[in-house]
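Enquirer: Supplied structure: my_file10.txt, compact mmCIF, N, CA and C atoms.
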# COMPACT_ATOMS: atom_id res chain seq x y z
N ALA F 67 -16.46 -96.64 28.33
CA ALA F 67 -17.20 -96.99 27.13
C ALA F 67 -18.68 -96.58 27.28
N LEU F 68 -19.20 -96.72 28.48
CA LEU F 68 -20.60 -96.37 28.71
C LEU F 68 -20.83 -94.87 28.51
N THR F 69 -19.86 -94.05 28.91
CA THR F 69 -19.97 -92.60 28.74
C THR F 69 -20.04 -92.25 27.26
N ARG F 70 -19.19 -92.89 26.45
CA ARG F 70 -19.21 -92.63 25.00
C ARG F 70 -20.54 -93.07 24.40
N ARG F 71 -21.06 -94.20 24.88
CA ARG F 71 -22.34 -94.70 24.36
C ARG F 71 -23.46 -93.71 24.65
N PHE F 72 -23.51 -93.19 25.88
CA PHE F 72 -24.55 -92.23 26.23
C PHE F 72 -24.36 -90.90 25.50
N ALA F 73 -23.12 -90.52 25.28
CA ALA F 73 -22.85 -89.29 24.52
C ALA F 73 -23.35 -89.43 23.08
N ALA F 74 -23.07 -90.58 22.46
CA ALA F 74 -23.54 -90.81 21.08
C ALA F 74 -25.06 -90.89 21.04
N MET F 75 -25.67 -91.51 22.05
CA MET F 75 -27.12 -91.59 22.11
C MET F 75 -27.72 -90.20 22.24
N THR F 76 -27.11 -89.36 23.06
CA THR F 76 -27.58 -87.99 23.25
C THR F 76 -27.48 -87.21 21.95
N MET F 77 -26.34 -87.34 21.26
CA MET F 77 -26.17 -86.64 19.98
C MET F 77 -27.21 -87.10 18.96
N SER F 78 -27.47 -88.40 18.94
CA SER F 78 -28.46 -88.93 18.02
C SER F 78 -29.84 -88.36 18.32
N ASN F 79 -30.19 -88.30 19.59
CA ASN F 79 -31.48 -87.73 19.97
C ASN F 79 -31.55 -86.24 19.66
N LEU F 80 -30.48 -85.52 19.92
CA LEU F 80 -30.46 -84.09 19.61
C LEU F 80 -30.58 -83.85 18.11
N ALA F 81 -29.97 -84.74 17.32
CA ALA F 81 -29.99 -84.58 15.87
C ALA F 81 -31.37 -84.83 15.26
N SER F 82 -32.30 -85.29 16.06
CA SER F 82 -33.65 -85.49 15.54
C SER F 82 -34.42 -84.16 15.44
N CYS F 83 -33.82 -83.09 15.96
CA CYS F 83 -34.42 -81.76 15.90
C CYS F 83 -33.59 -80.90 14.93
N GLU F 84 -34.23 -80.35 13.93
CA GLU F 84 -33.52 -79.66 12.85
C GLU F 84 -32.57 -78.56 13.33
N GLN F 85 -32.96 -77.80 14.33
CA GLN F 85 -32.08 -76.70 14.77
C GLN F 85 -30.79 -77.22 15.38
N ASN F 86 -30.80 -78.45 15.89
CA ASN F 86 -29.58 -79.01 16.48
C ASN F 86 -28.63 -79.59 15.43
N LEU F 87 -29.13 -79.86 14.24
CA LEU F 87 -28.28 -80.42 13.19
C LEU F 87 -27.10 -79.49 12.91
N TYR F 88 -27.38 -78.22 12.78
CA TYR F 88 -26.33 -77.24 12.49
C TYR F 88 -25.37 -77.11 13.66
N ARG F 89 -25.90 -77.15 14.86
CA ARG F 89 -25.02 -77.05 16.04
C ARG F 89 -24.05 -78.23 16.10
N ILE F 90 -24.57 -79.43 15.88
CA ILE F 90 -23.70 -80.60 15.91
C ILE F 90 -22.63 -80.47 14.83
N PHE F 91 -23.03 -80.05 13.65
CA PHE F 91 -22.06 -79.92 12.56
C PHE F 91 -21.03 -78.84 12.85
N TYR F 92 -21.49 -77.64 13.16
CA TYR F 92 -20.57 -76.52 13.32
C TYR F 92 -19.79 -76.53 14.63
N GLU F 93 -20.22 -77.34 15.57
CA GLU F 93 -19.45 -77.49 16.82
C GLU F 93 -18.59 -78.75 16.78
N HIS F 94 -18.28 -79.20 15.56
CA HIS F 94 -17.31 -80.27 15.30
C HIS F 94 -17.72 -81.63 15.85
N GLY F 95 -19.00 -81.98 15.70
CA GLY F 95 -19.46 -83.28 16.16
C GLY F 95 -19.31 -84.40 15.15
N ILE F 96 -18.98 -84.06 13.90
CA ILE F 96 -18.90 -85.08 12.85
C ILE F 96 -17.67 -85.97 13.00
N VAL F 97 -16.53 -85.39 13.25
CA VAL F 97 -15.29 -86.16 13.33
C VAL F 97 -15.36 -87.26 14.42
N PRO F 98 -15.85 -86.97 15.63
CA PRO F 98 -15.96 -88.06 16.61
C PRO F 98 -16.92 -89.17 16.17
N LEU F 99 -18.00 -88.81 15.50
CA LEU F 99 -18.94 -89.82 15.00
C LEU F 99 -18.27 -90.72 13.97
N ILE F 100 -17.54 -90.12 13.07
CA ILE F 100 -16.84 -90.89 12.04
C ILE F 100 -15.78 -91.78 12.67
N SER F 101 -15.09 -91.26 13.66
CA SER F 101 -14.08 -92.05 14.36
C SER F 101 -14.69 -93.29 15.00
N ILE F 102 -15.84 -93.13 15.60
CA ILE F 102 -16.55 -94.26 16.22
C ILE F 102 -16.90 -95.30 15.16
N LEU F 103 -17.37 -94.86 14.02
CA LEU F 103 -17.80 -95.78 12.97
C LEU F 103 -16.64 -96.46 12.25
N ARG F 104 -15.47 -95.89 12.34
CA ARG F 104 -14.29 -96.49 11.70
C ARG F 104 -13.63 -97.54 12.60
N GLN F 105 -14.10 -97.74 13.81
CA GLN F 105 -13.50 -98.69 14.75
C GLN F 105 -14.03 -100.10 14.55
N VAL F 106 -14.29 -100.48 13.33
CA VAL F 106 -14.93 -101.76 13.03
C VAL F 106 -14.11 -102.94 13.53
N ASP F 107 -12.82 -102.94 13.30
CA ASP F 107 -11.99 -104.09 13.66
C ASP F 107 -11.20 -103.89 14.94
N SER F 108 -11.43 -102.80 15.62
CA SER F 108 -10.62 -102.51 16.81
C SER F 108 -11.18 -103.20 18.05
N SER F 109 -10.36 -103.28 19.06
CA SER F 109 -10.81 -103.88 20.32
C SER F 109 -11.82 -102.98 21.03
N GLU F 110 -11.88 -101.72 20.60
CA GLU F 110 -12.83 -100.78 21.20
C GLU F 110 -14.19 -100.82 20.50
N ASN F 111 -14.38 -101.74 19.59
CA ASN F 111 -15.61 -101.84 18.83
C ASN F 111 -16.79 -102.08 19.76
N ASP F 112 -17.72 -101.17 19.78
CA ASP F 112 -18.92 -101.25 20.60
C ASP F 112 -20.10 -101.05 19.65
N MET F 113 -20.81 -102.14 19.36
CA MET F 113 -21.87 -102.09 18.36
C MET F 113 -22.97 -101.10 18.73
N CYS F 114 -23.32 -101.02 20.00
CA CYS F 114 -24.36 -100.08 20.44
C CYS F 114 -23.89 -98.64 20.21
N LEU F 115 -22.65 -98.37 20.52
CA LEU F 115 -22.07 -97.05 20.29
C LEU F 115 -22.11 -96.71 18.81
N GLN F 116 -21.76 -97.67 17.96
CA GLN F 116 -21.78 -97.43 16.52
C GLN F 116 -23.21 -97.23 16.00
N GLN F 117 -24.16 -97.93 16.57
CA GLN F 117 -25.56 -97.73 16.17
C GLN F 117 -26.00 -96.31 16.43
N HIS F 118 -25.68 -95.79 17.61
CA HIS F 118 -26.07 -94.41 17.94
C HIS F 118 -25.34 -93.41 17.04
N ALA F 119 -24.07 -93.66 16.75
CA ALA F 119 -23.31 -92.76 15.88
C ALA F 119 -23.90 -92.74 14.47
N MET F 120 -24.26 -93.91 13.95
CA MET F 120 -24.84 -93.96 12.60
C MET F 120 -26.24 -93.35 12.60
N ALA F 121 -26.99 -93.55 13.67
CA ALA F 121 -28.32 -92.93 13.77
C ALA F 121 -28.19 -91.41 13.74
N CYS F 122 -27.18 -90.89 14.41
CA CYS F 122 -26.94 -89.44 14.40
C CYS F 122 -26.59 -88.98 12.99
N LEU F 123 -25.71 -89.72 12.30
CA LEU F 123 -25.37 -89.34 10.92
C LEU F 123 -26.60 -89.41 10.03
N ALA F 124 -27.45 -90.41 10.22
CA ALA F 124 -28.67 -90.51 9.42
C ALA F 124 -29.54 -89.27 9.63
N ASN F 125 -29.64 -88.82 10.87
CA ASN F 125 -30.41 -87.60 11.14
C ASN F 125 -29.75 -86.38 10.49
N LEU F 126 -28.42 -86.31 10.56
CA LEU F 126 -27.71 -85.18 9.97
C LEU F 126 -27.88 -85.14 8.45
N THR F 127 -27.88 -86.32 7.82
CA THR F 127 -27.99 -86.36 6.36
C THR F 127 -29.39 -85.99 5.87
N SER F 128 -30.33 -85.89 6.78
CA SER F 128 -31.68 -85.45 6.37
C SER F 128 -31.70 -83.98 6.00
N CYS F 129 -30.66 -83.26 6.37
CA CYS F 129 -30.55 -81.83 6.05
C CYS F 129 -29.76 -81.66 4.74
N HIS F 130 -30.45 -81.31 3.67
CA HIS F 130 -29.81 -81.19 2.37
C HIS F 130 -28.71 -80.13 2.36
N VAL F 131 -28.84 -79.11 3.18
CA VAL F 131 -27.84 -78.04 3.24
C VAL F 131 -26.49 -78.58 3.71
N LEU F 132 -26.50 -79.56 4.60
CA LEU F 132 -25.26 -80.12 5.15
C LEU F 132 -24.69 -81.26 4.32
N GLN F 133 -25.45 -81.76 3.37
CA GLN F 133 -25.04 -82.98 2.68
C GLN F 133 -23.71 -82.87 1.93
N HIS F 134 -23.45 -81.77 1.26
CA HIS F 134 -22.18 -81.64 0.54
C HIS F 134 -21.00 -81.78 1.51
N ASP F 135 -21.09 -81.10 2.64
CA ASP F 135 -20.01 -81.18 3.63
C ASP F 135 -19.90 -82.59 4.21
N LEU F 136 -21.04 -83.23 4.44
CA LEU F 136 -21.02 -84.60 4.97
C LEU F 136 -20.40 -85.57 3.96
N ILE F 137 -20.63 -85.33 2.69
CA ILE F 137 -19.98 -86.14 1.65
C ILE F 137 -18.47 -85.94 1.72
N GLU F 138 -18.06 -84.69 1.89
CA GLU F 138 -16.62 -84.39 2.00
C GLU F 138 -15.98 -85.10 3.21
N PHE F 139 -16.73 -85.26 4.27
CA PHE F 139 -16.24 -85.96 5.45
C PHE F 139 -16.19 -87.48 5.25
N GLY F 140 -16.78 -87.97 4.17
CA GLY F 140 -16.75 -89.41 3.90
C GLY F 140 -17.96 -90.17 4.39
N CYS F 141 -19.05 -89.48 4.63
CA CYS F 141 -20.24 -90.15 5.18
C CYS F 141 -20.89 -91.11 4.20
N VAL F 142 -20.79 -90.84 2.91
CA VAL F 142 -21.36 -91.78 1.92
C VAL F 142 -20.59 -93.09 1.98
N GLN F 143 -19.26 -93.00 1.98
CA GLN F 143 -18.44 -94.22 2.04
C GLN F 143 -18.71 -95.00 3.32
N LEU F 144 -18.83 -94.28 4.43
CA LEU F 144 -19.13 -94.95 5.70
C LEU F 144 -20.45 -95.68 5.67
N SER F 145 -21.46 -95.03 5.12
CA SER F 145 -22.76 -95.69 5.07
C SER F 145 -22.70 -96.90 4.14
N MET F 146 -21.98 -96.78 3.03
CA MET F 146 -21.85 -97.92 2.11
C MET F 146 -21.10 -99.07 2.77
N GLU F 147 -20.11 -98.77 3.59
CA GLU F 147 -19.37 -99.82 4.29
C GLU F 147 -20.25 -100.57 5.27
N HIS F 148 -21.23 -99.90 5.82
CA HIS F 148 -22.07 -100.51 6.86
C HIS F 148 -23.38 -101.12 6.34
N ILE F 149 -23.67 -100.98 5.03
CA ILE F 149 -24.93 -101.55 4.54
C ILE F 149 -24.88 -103.06 4.41
N LYS F 150 -23.72 -103.64 4.61
CA LYS F 150 -23.64 -105.10 4.59
C LYS F 150 -23.29 -105.65 5.97
N CYS F 151 -23.43 -104.82 6.96
CA CYS F 151 -23.15 -105.20 8.35
C CYS F 151 -24.14 -106.27 8.81
N SER F 152 -23.67 -107.18 9.64
CA SER F 152 -24.57 -108.23 10.15
C SER F 152 -25.52 -107.70 11.23
N ASN F 153 -25.17 -106.58 11.84
CA ASN F 153 -26.03 -105.98 12.85
C ASN F 153 -27.16 -105.23 12.13
N VAL F 154 -28.38 -105.72 12.31
CA VAL F 154 -29.53 -105.19 11.56
C VAL F 154 -29.78 -103.71 11.84
N LEU F 155 -29.67 -103.30 13.09
CA LEU F 155 -29.94 -101.90 13.42
C LEU F 155 -28.89 -100.97 12.81
N LEU F 156 -27.63 -101.35 12.89
CA LEU F 156 -26.58 -100.53 12.29
C LEU F 156 -26.75 -100.47 10.78
N ARG F 157 -27.09 -101.58 10.16
CA ARG F 157 -27.31 -101.61 8.72
C ARG F 157 -28.51 -100.74 8.35
N THR F 158 -29.57 -100.78 9.16
CA THR F 158 -30.76 -99.96 8.90
C THR F 158 -30.41 -98.48 8.93
N TYR F 159 -29.65 -98.06 9.95
CA TYR F 159 -29.27 -96.65 10.03
C TYR F 159 -28.36 -96.25 8.87
N ALA F 160 -27.47 -97.16 8.44
CA ALA F 160 -26.59 -96.86 7.31
C ALA F 160 -27.41 -96.67 6.03
N LEU F 161 -28.41 -97.53 5.84
CA LEU F 161 -29.28 -97.39 4.68
C LEU F 161 -30.14 -96.13 4.76
N HIS F 162 -30.56 -95.78 5.97
CA HIS F 162 -31.31 -94.54 6.17
C HIS F 162 -30.44 -93.35 5.78
N CYS F 163 -29.20 -93.38 6.21
CA CYS F 163 -28.23 -92.33 5.88
C CYS F 163 -28.09 -92.22 4.36
N PHE F 164 -27.88 -93.35 3.72
CA PHE F 164 -27.70 -93.35 2.27
C PHE F 164 -28.96 -92.89 1.55
N SER F 165 -30.13 -93.33 2.02
CA SER F 165 -31.38 -92.92 1.36
C SER F 165 -31.61 -91.41 1.51
N ASN F 166 -31.15 -90.83 2.62
CA ASN F 166 -31.26 -89.37 2.76
C ASN F 166 -30.40 -88.66 1.72
N PHE F 167 -29.19 -89.18 1.47
CA PHE F 167 -28.37 -88.59 0.40
C PHE F 167 -29.08 -88.74 -0.94
N ALA F 168 -29.66 -89.91 -1.19
CA ALA F 168 -30.32 -90.18 -2.47
C ALA F 168 -31.56 -89.32 -2.67
N SER F 169 -32.13 -88.80 -1.60
CA SER F 169 -33.33 -87.96 -1.72
C SER F 169 -33.01 -86.56 -2.25
N ASN F 170 -31.74 -86.25 -2.35
CA ASN F 170 -31.31 -84.92 -2.81
C ASN F 170 -30.78 -85.03 -4.24
N ARG F 171 -31.47 -84.44 -5.17
CA ARG F 171 -31.08 -84.50 -6.57
C ARG F 171 -29.64 -84.01 -6.78
N ASN F 172 -29.18 -83.07 -5.97
CA ASN F 172 -27.84 -82.51 -6.13
C ASN F 172 -26.73 -83.50 -5.78
N THR F 173 -27.05 -84.60 -5.14
CA THR F 173 -26.02 -85.59 -4.79
C THR F 173 -26.03 -86.79 -5.73
N HIS F 174 -26.97 -86.85 -6.66
CA HIS F 174 -27.12 -88.03 -7.50
C HIS F 174 -25.88 -88.37 -8.31
N PHE F 175 -25.23 -87.38 -8.92
CA PHE F 175 -24.05 -87.67 -9.73
C PHE F 175 -22.97 -88.30 -8.86
N PHE F 176 -22.74 -87.72 -7.71
CA PHE F 176 -21.73 -88.26 -6.80
C PHE F 176 -22.08 -89.69 -6.40
N LEU F 177 -23.33 -89.92 -6.05
CA LEU F 177 -23.75 -91.26 -5.62
C LEU F 177 -23.65 -92.27 -6.75
N GLN F 178 -23.99 -91.86 -7.96
CA GLN F 178 -23.94 -92.78 -9.10
C GLN F 178 -22.52 -93.24 -9.39
N THR F 179 -21.55 -92.39 -9.15
CA THR F 179 -20.17 -92.76 -9.45
C THR F 179 -19.52 -93.57 -8.33
N ARG F 180 -20.10 -93.54 -7.14
CA ARG F 180 -19.48 -94.23 -6.01
C ARG F 180 -20.35 -95.30 -5.36
N CYS F 181 -21.53 -95.47 -5.84
CA CYS F 181 -22.50 -96.35 -5.22
C CYS F 181 -22.34 -97.79 -5.72
N ALA F 182 -22.41 -98.73 -4.81
CA ALA F 182 -22.38 -100.15 -5.15
C ALA F 182 -23.82 -100.64 -5.23
N VAL F 183 -24.41 -100.53 -6.40
CA VAL F 183 -25.82 -100.87 -6.59
C VAL F 183 -26.08 -102.33 -6.23
N ARG F 184 -25.15 -103.21 -6.55
CA ARG F 184 -25.32 -104.62 -6.25
C ARG F 184 -25.50 -104.84 -4.75
N GLU F 185 -24.74 -104.13 -3.94
CA GLU F 185 -24.87 -104.26 -2.48
C GLU F 185 -26.20 -103.71 -2.00
N LEU F 186 -26.65 -102.63 -2.61
CA LEU F 186 -27.96 -102.09 -2.25
C LEU F 186 -29.06 -103.09 -2.61
N ILE F 187 -29.00 -103.62 -3.80
CA ILE F 187 -30.03 -104.58 -4.24
C ILE F 187 -30.03 -105.81 -3.34
N GLY F 188 -28.87 -106.23 -2.88
CA GLY F 188 -28.78 -107.38 -1.98
C GLY F 188 -29.59 -107.18 -0.71
N ASN F 189 -29.75 -105.95 -0.29
CA ASN F 189 -30.53 -105.66 0.92
C ASN F 189 -32.03 -105.79 0.71
N LEU F 190 -32.47 -105.86 -0.54
CA LEU F 190 -33.89 -106.06 -0.80
C LEU F 190 -34.35 -107.47 -0.42
N HIS F 191 -33.40 -108.37 -0.26
CA HIS F 191 -33.72 -109.75 0.11
C HIS F 191 -33.72 -109.98 1.62
N CYS F 192 -33.44 -108.94 2.37
CA CYS F 192 -33.42 -109.05 3.84
C CYS F 192 -34.85 -109.22 4.37
N ARG F 193 -34.97 -109.90 5.49
CA ARG F 193 -36.30 -110.10 6.08
C ARG F 193 -36.81 -108.86 6.81
N GLU F 194 -35.93 -107.94 7.15
CA GLU F 194 -36.31 -106.75 7.90
C GLU F 194 -36.95 -105.71 6.98
N ASN F 195 -38.16 -105.30 7.29
CA ASN F 195 -38.89 -104.35 6.44
C ASN F 195 -38.24 -102.98 6.37
N GLN F 196 -37.66 -102.51 7.47
CA GLN F 196 -37.01 -101.20 7.46
C GLN F 196 -35.84 -101.20 6.50
N ILE F 197 -35.10 -102.30 6.47
CA ILE F 197 -33.96 -102.39 5.55
C ILE F 197 -34.46 -102.35 4.11
N LYS F 198 -35.52 -103.08 3.83
CA LYS F 198 -36.09 -103.06 2.48
C LYS F 198 -36.58 -101.66 2.10
N LEU F 199 -37.22 -100.98 3.05
CA LEU F 199 -37.74 -99.64 2.80
C LEU F 199 -36.63 -98.67 2.44
N TYR F 200 -35.58 -98.59 3.26
CA TYR F 200 -34.51 -97.64 3.00
C TYR F 200 -33.72 -98.02 1.75
N THR F 201 -33.63 -99.32 1.46
CA THR F 201 -32.97 -99.75 0.23
C THR F 201 -33.76 -99.28 -0.98
N ALA F 202 -35.06 -99.49 -0.95
CA ALA F 202 -35.90 -99.06 -2.06
C ALA F 202 -35.83 -97.55 -2.24
N LYS F 203 -35.81 -96.80 -1.14
CA LYS F 203 -35.71 -95.35 -1.23
C LYS F 203 -34.38 -94.91 -1.81
N SER F 204 -33.33 -95.70 -1.58
CA SER F 204 -32.00 -95.37 -2.09
C SER F 204 -31.88 -95.61 -3.58
N LEU F 205 -32.59 -96.62 -4.05
CA LEU F 205 -32.52 -96.95 -5.47
C LEU F 205 -33.39 -96.00 -6.27
Do you think you could lay out the structure here as structure tokens?

Expert:
Amino acid sequence: ALTRRFAAMTMSNLASCEQNLYRIFYEHGIVPLISILRQVDSSENDMCLQQHAMACLANLTSCHVLQHDLIEFGCVQLSMEHIKCSNVLLRTYALHCFSNFASNRNTHFFLQTRCAVRELIGNLHCRENQIKLYTAKSL
């Protein structure tokens, strides 16, 4: 489990550099990240691992060129599933991911048809400023 955690942390750190975003995407790094984030109810659930995976997705979604493909992989749904997570850091990264999608005018129609605005608005009442910031940016 520790190896997976460090691998996800490394991918997240690499994804903070724009030139690595394409490498992670085209070298098939998305599917393992999504797999990690879908392990919500499994015995293998590792919150730290999921935080790093969502942080990596948040970095990847900052690239508008990749956003259509990331939507096809289900990244919008994943971020929406995690915006009500009790883990503040994971929820923050999920909101960051969603706000990156919302920053692209070309994704607005898709987001409007699939977005749970009530859940986003609920995050405005959180005490954490980062959560409020990314929620406001998403709306």

Enquirer: Show which residues sit within 8 Å of segment 100-104 of chain F, as an MDAnalysis selection string. Count only C-alpha atoms, and ignore same-chain residues fewer than 3 positions away.

Expert: chainID F and resid 96:97 115:116 119:120 141 144

Enquirer: Taking into account only C-alpha atoms, which residue in the set F:Met77, F:Met146, F:Val154, F:Leu132 is nearest to Glu194 of chain F?

Expert: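 For Glu194 of chain F, the nearest of the candidates is F:Val154.
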
Enquirer: Give me, please, the distance in Å between atom N of Arg157 of chain F and atom C of Tyr92 of chain F, quoted to one decimal.

Expert: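 If I compute the distance from atom N of Arg157 of chain F to atom C of Tyr92 of chain F, I get 26.5 Å.
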
Enquirer: Rounded to one decimal place, report the atom CA of Asn79 of chain F-atom CA of Phe176 of chain F distance in Å.

Expert: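 Separation between atom CA of Asn79 of chain F and atom CA of Phe176 of chain F: 28.5 Å.
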
Enquirer: Residues at most 8 Å from segment 167-173 of chain F, counting only C-alpha atoms, excluding those fewer than 5 positions away in the same chain, as a ChimeraX atom specification?

Expert: /F:127-128,130,133-134,142,203-205

Enquirer: Any chance you could list, as JSON, numbers by chain, the residues in chain F that come up helix (DSSP H, G or I) when DSSP is run on the backbone?

Expert: {"F": [68, 69, 70, 71, 72, 73, 74, 75, 76, 77, 78, 79, 80, 84, 85, 86, 87, 88, 89, 90, 91, 92, 96, 97, 98, 99, 100, 101, 102, 103, 113, 114, 115, 116, 117, 118, 119, 120, 121, 122, 123, 124, 125, 126, 127, 130, 131, 132, 133, 134, 135, 136, 137, 138, 141, 142, 143, 144, 145, 146, 147, 148, 154, 155, 156, 157, 158, 159, 160, 161, 162, 163, 164, 165, 166, 167, 168, 171, 172, 173, 174, 175, 176, 177, 178, 179, 180, 183, 184, 185, 186, 187, 188, 189, 190, 191, 195, 196, 197, 198, 199, 200, 201, 202, 203, 204]}

Enquirer: When you count only C-alpha atoms, which of these residues is closest to Arg193 of chain F: F:Val131, F:Thr179, F:Met113, F:Thr158?

Expert: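 Residue with the minimum atom-to-atom distance to Arg193 of chain F: F:Thr158.
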
Enquirer: Would you compute the distance between atom N of Phe72 of chain F and atom C of Cys114 of chain F? Give it in Å to one decimal.

Expert: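 Computed distance, atom N of Phe72 of chain F to atom C of Cys114 of chain F, equals 7.9 Å.
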
Enquirer: Give me segment 158-166 of chain F with all heavy atoms filled in, as a compact mmCIF listing (two decimals), keeping the file's coordinate frame.

Expert:
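That gives us part05.txt:
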# COMPACT_ATOMS: atom_id res chain seq x y z
N THR F 158 -29.57 -100.78 9.16
CA THR F 158 -30.76 -99.96 8.90
C THR F 158 -30.41 -98.48 8.93
O THR F 158 -30.80 -97.71 8.04
CB THR F 158 -31.86 -100.27 9.92
OG1 THR F 158 -32.20 -101.65 9.85
CG2 THR F 158 -33.10 -99.43 9.68
N TYR F 159 -29.65 -98.06 9.95
CA TYR F 159 -29.27 -96.65 10.03
C TYR F 159 -28.36 -96.25 8.87
O TYR F 159 -28.45 -95.14 8.35
CB TYR F 159 -28.58 -96.34 11.36
CG TYR F 159 -29.50 -96.38 12.56
CD1 TYR F 159 -29.10 -96.99 13.74
CD2 TYR F 159 -30.76 -95.80 12.52
CE1 TYR F 159 -29.95 -97.03 14.85
CE2 TYR F 159 -31.61 -95.84 13.62
CZ TYR F 159 -31.18 -96.45 14.78
OH TYR F 159 -32.02 -96.48 15.88
N ALA F 160 -27.47 -97.16 8.44
CA ALA F 160 -26.59 -96.86 7.31
C ALA F 160 -27.41 -96.67 6.03
O ALA F 160 -27.16 -95.76 5.25
CB ALA F 160 -25.57 -97.99 7.14
N LEU F 161 -28.41 -97.53 5.84
CA LEU F 161 -29.28 -97.39 4.68
C LEU F 161 -30.14 -96.13 4.76
O LEU F 161 -30.40 -95.47 3.75
CB LEU F 161 -30.16 -98.63 4.52
CG LEU F 161 -29.44 -99.84 3.96
CD1 LEU F 161 -30.21 -101.11 4.26
CD2 LEU F 161 -29.19 -99.68 2.47
N HIS F 162 -30.56 -95.78 5.97
CA HIS F 162 -31.31 -94.54 6.17
C HIS F 162 -30.44 -93.35 5.78
O HIS F 162 -30.89 -92.42 5.08
CB HIS F 162 -31.76 -94.45 7.62
CG HIS F 162 -32.67 -93.31 7.91
ND1 HIS F 162 -33.12 -93.03 9.16
CD2 HIS F 162 -33.22 -92.36 7.13
CE1 HIS F 162 -33.90 -91.97 9.13
NE2 HIS F 162 -33.97 -91.55 7.91
N CYS F 163 -29.20 -93.38 6.21
CA CYS F 163 -28.23 -92.33 5.88
C CYS F 163 -28.09 -92.22 4.36
O CYS F 163 -28.21 -91.14 3.78
CB CYS F 163 -26.90 -92.68 6.54
SG CYS F 163 -25.62 -91.45 6.40
N PHE F 164 -27.88 -93.35 3.72
CA PHE F 164 -27.70 -93.35 2.27
C PHE F 164 -28.96 -92.89 1.55
O PHE F 164 -28.90 -92.13 0.58
CB PHE F 164 -27.28 -94.75 1.79
CG PHE F 164 -26.79 -94.74 0.38
CD1 PHE F 164 -25.48 -94.40 0.09
CD2 PHE F 164 -27.64 -95.04 -0.67
CE1 PHE F 164 -25.03 -94.36 -1.21
CE2 PHE F 164 -27.20 -95.01 -1.97
CZ PHE F 164 -25.89 -94.66 -2.24
N SER F 165 -30.13 -93.33 2.02
CA SER F 165 -31.38 -92.92 1.36
C SER F 165 -31.61 -91.41 1.51
O SER F 165 -32.20 -90.79 0.62
CB SER F 165 -32.58 -93.72 1.87
OG SER F 165 -32.95 -93.35 3.16
N ASN F 166 -31.15 -90.83 2.62
CA ASN F 166 -31.26 -89.37 2.76
C ASN F 166 -30.40 -88.66 1.72
O ASN F 166 -30.83 -87.66 1.14
CB ASN F 166 -30.85 -88.94 4.17
CG ASN F 166 -31.93 -89.18 5.19
OD1 ASN F 166 -33.10 -89.30 4.86
ND2 ASN F 166 -31.54 -89.27 6.45
